[in-house]
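What's in data.pdb: PDB, C-alpha atoms and all ligand atoms
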```pdb
MODEL        1
ATOM      1  CA  MET J 826      49.513  45.898  19.407  1.00  0.00           C
ATOM      2  CA  LYS J 827      48.706  42.495  20.892  1.00  0.00           C
ATOM      3  CA  THR J 828      46.494  42.582  23.941  1.00  0.00           C
ATOM      4  CA  ALA J 829      45.517  39.823  26.351  1.00  0.00           C
ATOM      5  CA  ILE J 830      42.706  40.106  28.820  1.00  0.00           C
ATOM      6  CA  TYR J 831      42.925  38.261  32.137  1.00  0.00           C
ATOM      7  CA  PRO J 832      39.464  38.020  33.717  1.00  0.00           C
ATOM      8  CA  GLY J 833      38.668  36.774  37.202  1.00  0.00           C
ATOM      9  CA  SER J 834      37.296  37.656  40.591  1.00  0.00           C
ATOM     10  CA  PHE J 835      40.661  38.445  42.215  1.00  0.00           C
ATOM     11  CA  ASP J 836      39.178  38.611  45.719  1.00  0.00           C
ATOM     12  CA  PRO J 837      41.988  39.328  46.505  1.00  0.00           C
ATOM     13  CA  ILE J 838      44.871  39.005  44.031  1.00  0.00           C
ATOM     14  CA  HIS J 839      47.469  36.466  45.228  1.00  0.00           C
ATOM     15  CA  ASN J 840      50.918  35.323  44.082  1.00  0.00           C
ATOM     16  CA  GLY J 841      49.436  32.725  41.688  1.00  0.00           C
ATOM     17  CA  HIS J 842      47.564  35.452  39.809  1.00  0.00           C
ATOM     18  CA  LEU J 843      50.630  37.700  39.852  1.00  0.00           C
ATOM     19  CA  ASP J 844      52.783  34.868  38.539  1.00  0.00           C
ATOM     20  CA  VAL J 845      50.432  34.509  35.535  1.00  0.00           C
ATOM     21  CA  ILE J 846      50.340  38.303  34.977  1.00  0.00           C
ATOM     22  CA  GLU J 847      54.143  38.536  35.022  1.00  0.00           C
ATOM     23  CA  ARG J 848      54.476  35.700  32.508  1.00  0.00           C
ATOM     24  CA  ALA J 849      51.823  37.261  30.273  1.00  0.00           C
ATOM     25  CA  SER J 850      53.476  40.673  30.325  1.00  0.00           C
ATOM     26  CA  LYS J 851      56.503  39.103  28.625  1.00  0.00           C
ATOM     27  CA  LEU J 852      54.330  37.626  25.880  1.00  0.00           C
ATOM     28  CA  TRP J 853      51.858  40.443  25.089  1.00  0.00           C
ATOM     29  CA  ASP J 854      52.306  44.191  24.472  1.00  0.00           C
ATOM     30  CA  ARG J 855      49.399  44.959  26.787  1.00  0.00           C
ATOM     31  CA  VAL J 856      47.756  42.865  29.489  1.00  0.00           C
ATOM     32  CA  ILE J 857      44.394  43.963  30.863  1.00  0.00           C
ATOM     33  CA  VAL J 858      43.496  42.434  34.204  1.00  0.00           C
ATOM     34  CA  ALA J 859      39.705  42.647  34.321  1.00  0.00           C
ATOM     35  CA  VAL J 860      37.812  42.107  37.556  1.00  0.00           C
ATOM     36  CA  ALA J 861      34.447  40.526  36.784  1.00  0.00           C
ATOM     37  CA  VAL J 862      31.449  42.062  38.516  1.00  0.00           C
ATOM     38  CA  ASN J 863      29.404  39.358  40.213  1.00  0.00           C
ATOM     39  CA  HIS J 864      26.189  40.616  41.779  1.00  0.00           C
ATOM     40  CA  GLU J 865      25.375  37.199  43.230  1.00  0.00           C
ATOM     41  CA  LYS J 866      28.562  36.759  45.209  1.00  0.00           C
ATOM     42  CA  GLN J 867      29.559  39.234  47.875  1.00  0.00           C
ATOM     43  CA  GLY J 868      33.332  39.103  48.197  1.00  0.00           C
ATOM     44  CA  LEU J 869      35.678  40.120  50.987  1.00  0.00           C
ATOM     45  CA  PHE J 870      36.814  43.153  48.992  1.00  0.00           C
ATOM     46  CA  THR J 871      34.715  45.611  46.955  1.00  0.00           C
ATOM     47  CA  MET J 872      35.299  45.971  43.239  1.00  0.00           C
ATOM     48  CA  ASP J 873      37.244  49.217  43.728  1.00  0.00           C
ATOM     49  CA  GLU J 874      39.394  47.673  46.440  1.00  0.00           C
ATOM     50  CA  ARG J 875      40.227  44.663  44.239  1.00  0.00           C
ATOM     51  CA  VAL J 876      41.149  46.920  41.322  1.00  0.00           C
ATOM     52  CA  GLY J 877      43.264  49.099  43.630  1.00  0.00           C
ATOM     53  CA  LEU J 878      45.128  46.122  45.080  1.00  0.00           C
ATOM     54  CA  ILE J 879      45.879  44.666  41.631  1.00  0.00           C
ATOM     55  CA  LYS J 880      47.153  48.077  40.469  1.00  0.00           C
ATOM     56  CA  LYS J 881      49.500  48.331  43.437  1.00  0.00           C
ATOM     57  CA  ALA J 882      50.661  44.712  43.147  1.00  0.00           C
ATOM     58  CA  SER J 883      51.432  45.104  39.426  1.00  0.00           C
ATOM     59  CA  ARG J 884      53.016  48.549  39.617  1.00  0.00           C
ATOM     60  CA  HIS J 885      56.357  47.115  38.459  1.00  0.00           C
ATOM     61  CA  LEU J 886      54.766  45.999  35.170  1.00  0.00           C
ATOM     62  CA  PRO J 887      54.248  49.020  32.877  1.00  0.00           C
ATOM     63  CA  ASP J 888      52.206  47.184  30.251  1.00  0.00           C
ATOM     64  CA  VAL J 889      49.570  45.959  32.687  1.00  0.00           C
ATOM     65  CA  GLU J 890      46.239  47.784  33.003  1.00  0.00           C
ATOM     66  CA  VAL J 891      43.527  47.007  35.527  1.00  0.00           C
ATOM     67  CA  THR J 892      39.801  47.443  34.955  1.00  0.00           C
ATOM     68  CA  SER J 893      36.475  45.872  35.853  1.00  0.00           C
ATOM     69  CA  PHE J 894      33.702  44.674  33.572  1.00  0.00           C
ATOM     70  CA  GLU J 895      30.129  43.519  33.723  1.00  0.00           C
ATOM     71  CA  GLY J 896      28.287  41.193  31.378  1.00  0.00           C
ATOM     72  CA  LEU J 897      29.629  38.847  28.746  1.00  0.00           C
ATOM     73  CA  LEU J 898      33.389  38.491  28.516  1.00  0.00           C
ATOM     74  CA  VAL J 899      33.206  38.177  24.711  1.00  0.00           C
ATOM     75  CA  ASP J 900      31.605  41.633  24.503  1.00  0.00           C
ATOM     76  CA  TYR J 901      34.269  43.166  26.701  1.00  0.00           C
ATOM     77  CA  VAL J 902      37.025  41.494  24.671  1.00  0.00           C
ATOM     78  CA  LEU J 903      35.654  43.170  21.516  1.00  0.00           C
ATOM     79  CA  GLU J 904      35.327  46.512  23.289  1.00  0.00           C
ATOM     80  CA  VAL J 905      38.983  46.589  24.371  1.00  0.00           C
ATOM     81  CA  ARG J 906      40.172  44.927  21.134  1.00  0.00           C
ATOM     82  CA  ALA J 907      41.963  42.089  22.900  1.00  0.00           C
ATOM     83  CA  ASN J 908      43.429  39.201  20.890  1.00  0.00           C
ATOM     84  CA  ALA J 909      43.311  36.592  23.585  1.00  0.00           C
ATOM     85  CA  VAL J 910      41.711  35.654  26.862  1.00  0.00           C
ATOM     86  CA  LEU J 911      44.253  34.620  29.422  1.00  0.00           C
ATOM     87  CA  ARG J 912      43.510  32.081  32.143  1.00  0.00           C
ATOM     88  CA  GLY J 913      45.684  30.394  34.711  1.00  0.00           C
ATOM     89  CA  LEU J 914      45.726  26.632  35.118  1.00  0.00           C
ATOM     90  CA  ARG J 915      46.543  25.200  38.496  1.00  0.00           C
ATOM     91  CA  ALA J 916      45.633  21.569  38.544  1.00  0.00           C
ATOM     92  CA  VAL J 917      43.481  19.016  36.799  1.00  0.00           C
ATOM     93  CA  SER J 918      40.563  20.284  38.904  1.00  0.00           C
ATOM     94  CA  ASP J 919      40.623  23.607  37.000  1.00  0.00           C
ATOM     95  CA  PHE J 920      40.617  21.903  33.636  1.00  0.00           C
ATOM     96  CA  GLU J 921      36.981  20.921  33.219  1.00  0.00           C
ATOM     97  CA  TYR J 922      35.544  24.338  34.050  1.00  0.00           C
ATOM     98  CA  GLU J 923      38.179  26.184  32.030  1.00  0.00           C
ATOM     99  CA  PHE J 924      37.645  23.889  29.042  1.00  0.00           C
ATOM    100  CA  GLN J 925      33.890  24.529  29.175  1.00  0.00           C
ATOM    101  CA  MET J 926      34.337  28.303  29.448  1.00  0.00           C
ATOM    102  CA  ALA J 927      36.871  28.459  26.628  1.00  0.00           C
ATOM    103  CA  LEU J 928      34.661  26.478  24.259  1.00  0.00           C
ATOM    104  CA  MET J 929      31.548  28.427  25.232  1.00  0.00           C
ATOM    105  CA  ASN J 930      33.342  31.711  24.608  1.00  0.00           C
ATOM    106  CA  ARG J 931      34.580  30.407  21.276  1.00  0.00           C
ATOM    107  CA  SER J 932      31.081  29.408  20.261  1.00  0.00           C
ATOM    108  CA  LEU J 933      29.928  32.950  21.106  1.00  0.00           C
ATOM    109  CA  ASP J 934      32.791  34.441  19.105  1.00  0.00           C
ATOM    110  CA  GLU J 935      34.718  32.181  16.750  1.00  0.00           C
ATOM    111  CA  SER J 936      37.740  34.508  16.650  1.00  0.00           C
ATOM    112  CA  LEU J 937      38.306  34.403  20.398  1.00  0.00           C
ATOM    113  CA  GLU J 938      41.320  32.411  21.553  1.00  0.00           C
ATOM    114  CA  THR J 939      41.854  31.387  25.178  1.00  0.00           C
ATOM    115  CA  VAL J 940      45.429  30.920  26.307  1.00  0.00           C
ATOM    116  CA  PHE J 941      46.386  29.084  29.487  1.00  0.00           C
ATOM    117  CA  LEU J 942      49.528  29.801  31.467  1.00  0.00           C
ATOM    118  CA  MET J 943      50.851  27.741  34.343  1.00  0.00           C
ATOM    119  CA  PRO J 944      52.329  29.354  37.429  1.00  0.00           C
ATOM    120  CA  SER J 945      55.550  28.199  39.037  1.00  0.00           C
ATOM    121  CA  GLN J 946      55.283  25.234  41.336  1.00  0.00           C
ATOM    122  CA  GLU J 947      55.258  27.188  44.589  1.00  0.00           C
ATOM    123  CA  ASN J 948      52.169  29.117  43.490  1.00  0.00           C
ATOM    124  CA  ILE J 949      50.201  26.261  42.018  1.00  0.00           C
ATOM    125  CA  TYR J 950      48.085  25.456  45.086  1.00  0.00           C
ATOM    126  CA  LEU J 951      47.025  29.042  45.813  1.00  0.00           C
ATOM    127  CA  SER J 952      43.488  30.312  45.506  1.00  0.00           C
ATOM    128  CA  SER J 953      41.830  33.445  46.883  1.00  0.00           C
ATOM    129  CA  ARG J 954      39.452  31.216  48.831  1.00  0.00           C
ATOM    130  CA  ILE J 955      42.218  29.314  50.624  1.00  0.00           C
ATOM    131  CA  VAL J 956      44.199  32.496  51.337  1.00  0.00           C
ATOM    132  CA  LYS J 957      41.106  34.075  52.944  1.00  0.00           C
ATOM    133  CA  GLU J 958      40.414  30.915  54.919  1.00  0.00           C
ATOM    134  CA  VAL J 959      43.952  30.793  56.343  1.00  0.00           C
ATOM    135  CA  ALA J 960      43.851  34.519  57.212  1.00  0.00           C
ATOM    136  CA  THR J 961      40.445  34.243  58.868  1.00  0.00           C
ATOM    137  CA  PHE J 962      41.834  31.716  61.317  1.00  0.00           C
ATOM    138  CA  GLY J 963      44.883  33.854  62.048  1.00  0.00           C
ATOM    139  CA  GLY J 964      47.356  32.045  59.775  1.00  0.00           C
ATOM    140  CA  ASP J 965      50.282  33.881  58.196  1.00  0.00           C
ATOM    141  CA  ILE J 966      49.649  34.631  54.491  1.00  0.00           C
ATOM    142  CA  THR J 967      52.737  36.764  53.815  1.00  0.00           C
ATOM    143  CA  LYS J 968      54.260  34.077  51.577  1.00  0.00           C
ATOM    144  CA  PHE J 969      51.143  33.798  49.425  1.00  0.00           C
ATOM    145  CA  VAL J 970      50.150  37.369  48.616  1.00  0.00           C
ATOM    146  CA  PRO J 971      51.814  40.684  47.697  1.00  0.00           C
ATOM    147  CA  ALA J 972      52.614  42.859  50.767  1.00  0.00           C
ATOM    148  CA  VAL J 973      49.813  45.366  50.004  1.00  0.00           C
ATOM    149  CA  VAL J 974      47.299  42.522  50.009  1.00  0.00           C
ATOM    150  CA  ASN J 975      48.656  41.141  53.262  1.00  0.00           C
ATOM    151  CA  ASP J 976      48.084  44.542  54.919  1.00  0.00           C
ATOM    152  CA  ALA J 977      44.643  44.977  53.354  1.00  0.00           C
ATOM    153  CA  VAL J 978      43.472  41.522  54.468  1.00  0.00           C
ATOM    154  CA  ALA J 979      44.742  42.142  58.023  1.00  0.00           C
ATOM    155  CA  GLU J 980      42.865  45.447  58.123  1.00  0.00           C
ATOM    156  CA  LYS J 981      39.660  43.892  56.746  1.00  0.00           C
ATOM    157  CA  LEU J 982      39.739  41.080  59.255  1.00  0.00           C
ATOM    158  CA  ASN J 983      40.807  43.395  62.108  1.00  0.00           C
ATOM    159  CA  HIS J 984      43.922  41.358  62.850  1.00  0.00           C
TER     160      HIS J 984
HETATM  161  P1  LIG J1001      40.572  32.238  42.547  1.00  0.00           P
HETATM  162  O1  LIG J1001      40.266  30.818  42.261  1.00  0.00           O
HETATM  163  O2  LIG J1001      41.921  32.411  43.157  1.00  0.00           O
HETATM  164  O3  LIG J1001      39.483  32.987  43.251  1.00  0.00           O
HETATM  165  P2  LIG J1001      39.937  33.833  40.161  1.00  0.00           P
HETATM  166  O4  LIG J1001      38.531  33.570  39.857  1.00  0.00           O
HETATM  167  O5  LIG J1001      40.231  35.211  40.593  1.00  0.00           O
HETATM  168  O6  LIG J1001      40.686  32.878  41.154  1.00  0.00           O
HETATM  169  O7  LIG J1001      40.795  33.360  38.923  1.00  0.00           O
HETATM  170  C1  LIG J1001      41.187  34.090  37.812  1.00  0.00           C
HETATM  171  C2  LIG J1001      42.070  33.201  36.964  1.00  0.00           C
HETATM  172  O8  LIG J1001      43.285  32.975  37.664  1.00  0.00           O
HETATM  173  C3  LIG J1001      41.525  31.830  36.627  1.00  0.00           C
HETATM  174  O9  LIG J1001      41.944  31.495  35.321  1.00  0.00           O
HETATM  175  C4  LIG J1001      42.196  30.923  37.624  1.00  0.00           C
HETATM  176  O10 LIG J1001      42.329  29.607  37.125  1.00  0.00           O
HETATM  177  C5  LIG J1001      43.553  31.594  37.712  1.00  0.00           C
HETATM  178  N1  LIG J1001      44.251  31.260  38.933  1.00  0.00           N
HETATM  179  C6  LIG J1001      43.789  31.328  40.193  1.00  0.00           C
HETATM  180  N2  LIG J1001      44.709  30.909  41.080  1.00  0.00           N
HETATM  181  C7  LIG J1001      45.802  30.565  40.361  1.00  0.00           C
HETATM  182  C8  LIG J1001      47.095  30.034  40.693  1.00  0.00           C
HETATM  183  N3  LIG J1001      47.445  29.757  41.940  1.00  0.00           N
HETATM  184  N4  LIG J1001      47.949  29.826  39.689  1.00  0.00           N
HETATM  185  C9  LIG J1001      47.595  30.082  38.423  1.00  0.00           C
HETATM  186  N5  LIG J1001      46.404  30.548  38.031  1.00  0.00           N
HETATM  187  C10 LIG J1001      45.509  30.798  38.986  1.00  0.00           C
ENDMDL
END
```

Is it possible to express this structure as structure tokens?
Ligand code: ADP
Amino acid sequence: MKTAIYPGSFDPIHNGHLDVIERASKLWDRVIVAVAVNHEKQGLFTMDERVGLIKKASRHLPDVEVTSFEGLLVDYVLEVRANAVLRGLRAVSDFEYEFQMALMNRSLDESLETVFLMPSQENIYLSSRIVKEVATFGGDITKFVPAVVNDAVAEKLNH
């Protein structure tokens, strides 16, 4: 059984992430979306909330599992027996960091492959940061996030 792991902060999940997850679910038998614990960065949503939102947003995809992990990605990949690390590529600006991460992970574990998927054009400019920024100033984010996320963001920001 081929498994891909899709790590990230997902604070919160948006349509760009979901686009990548949907594409991946056609290519792998199992896709694990793994929320990375970051003690240095306080997000808008807690770890449990992020996991819950991803679960609800990906309910239509039976082969998608959602978890969280702490520590080195390469260790977690071994633990869940994944064959590939999945990352999304938006624009050239993502490339340098992603390239560095992929090669670092490979040098930590030679067998680890990183696979990049591109979202469709309408989702290419989305990031959690920009979605939160728009929502904070009262902008409408319904086009950019799943409905459950739209409601959760409105509740968080007391809109
Ligand atoms: P964000 O930048 O939205 O906070 P994350 O850290 O949660 O993203 O990113 C997890 C992965 O999803 C990364 O590989 C990132 O490049 C990818 N990703 C983020 N936004 C998009 C998008 N709009 N389209 C495709 N991939 C994306």

Resolved residues for the PyMOL selection byres (((chain J and resi 923-932) around 12) and not hetatm) as a ChimeraX atom specification: /J:832-833,897-902,909-922,933-942

Evaluate the PyMOL selection byres (((not hetatm)) within 7 of (chain J and resi 1001)) against this structure - the residues, as a PDB file with C-alpha atoms, in the coordinates of the input, please.
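Below you can see selection-v6.pdb, which holds the result:
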```pdb
ATOM      1  CA  PRO J 832      39.464  38.020  33.717  1.00  0.00           C
ATOM      2  CA  GLY J 833      38.668  36.774  37.202  1.00  0.00           C
ATOM      3  CA  SER J 834      37.296  37.656  40.591  1.00  0.00           C
ATOM      4  CA  PHE J 835      40.661  38.445  42.215  1.00  0.00           C
ATOM      5  CA  ASP J 836      39.178  38.611  45.719  1.00  0.00           C
ATOM      6  CA  ILE J 838      44.871  39.005  44.031  1.00  0.00           C
ATOM      7  CA  ASN J 840      50.918  35.323  44.082  1.00  0.00           C
ATOM      8  CA  GLY J 841      49.436  32.725  41.688  1.00  0.00           C
ATOM      9  CA  HIS J 842      47.564  35.452  39.809  1.00  0.00           C
ATOM     10  CA  VAL J 845      50.432  34.509  35.535  1.00  0.00           C
ATOM     11  CA  ARG J 912      43.510  32.081  32.143  1.00  0.00           C
ATOM     12  CA  GLY J 913      45.684  30.394  34.711  1.00  0.00           C
ATOM     13  CA  LEU J 914      45.726  26.632  35.118  1.00  0.00           C
ATOM     14  CA  ARG J 915      46.543  25.200  38.496  1.00  0.00           C
ATOM     15  CA  ASP J 919      40.623  23.607  37.000  1.00  0.00           C
ATOM     16  CA  MET J 943      50.851  27.741  34.343  1.00  0.00           C
ATOM     17  CA  PRO J 944      52.329  29.354  37.429  1.00  0.00           C
ATOM     18  CA  ASN J 948      52.169  29.117  43.490  1.00  0.00           C
ATOM     19  CA  ILE J 949      50.201  26.261  42.018  1.00  0.00           C
ATOM     20  CA  TYR J 950      48.085  25.456  45.086  1.00  0.00           C
ATOM     21  CA  LEU J 951      47.025  29.042  45.813  1.00  0.00           C
ATOM     22  CA  SER J 952      43.488  30.312  45.506  1.00  0.00           C
ATOM     23  CA  SER J 953      41.830  33.445  46.883  1.00  0.00           C
ATOM     24  CA  ARG J 954      39.452  31.216  48.831  1.00  0.00           C
TER      25      ARG J 954
END
```

Nearest residue to Glu847 (chain J) from the set J:Val978, J:Ala882, J:Val959, J:Met826 (distances using all atoms listed in the file):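 Of the candidates, the smallest distance to Glu847 (chain J) is held by J:Ala882.
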
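Minimum atom-to-atom distances from J:Val862, J:Val905, J:His839, J:Thr828 to Lys957 (chain J) were compared using all atoms listed in the file, and the lowest value belongs to J:His839.
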
Distance of CA of Arg875 (chain J) from CA of Ala977 (chain J), expressed in Å to one decimal place: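 Computing it gives 10.1 Å between the two atoms.
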
Two-atom distance - CA of Arg855 (chain J), CA of Ala829 (chain J) (Å):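 Between CA of Arg855 (chain J) and CA of Ala829 (chain J) the gap works out to 6.5 Å.
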
Nearest-residue call for Val858 (chain J), choices J:Leu843, J:Asp976, J:Thr892, J:Ser883, using all atoms listed in the file: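 Closest candidate: J:Thr892.
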
Atomic separation - CA of Ile966 (chain J) relative to CA of Lys866 (chain J), Å: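 Between CA of Lys866 (chain J) and CA of Ile966 (chain J) the gap works out to 23.1 Å.
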
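Nearest residue to Glu890 (chain J) among J:Val876, J:Ala849, J:Leu982, J:Val856 is J:Val856, counting all atoms listed in the file.
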
Given only C-alpha atoms as the counted atoms, nearest of J:Ala960, J:Leu852, J:Ile955, J:Leu878 to Pro837 (chain J): J:Leu878
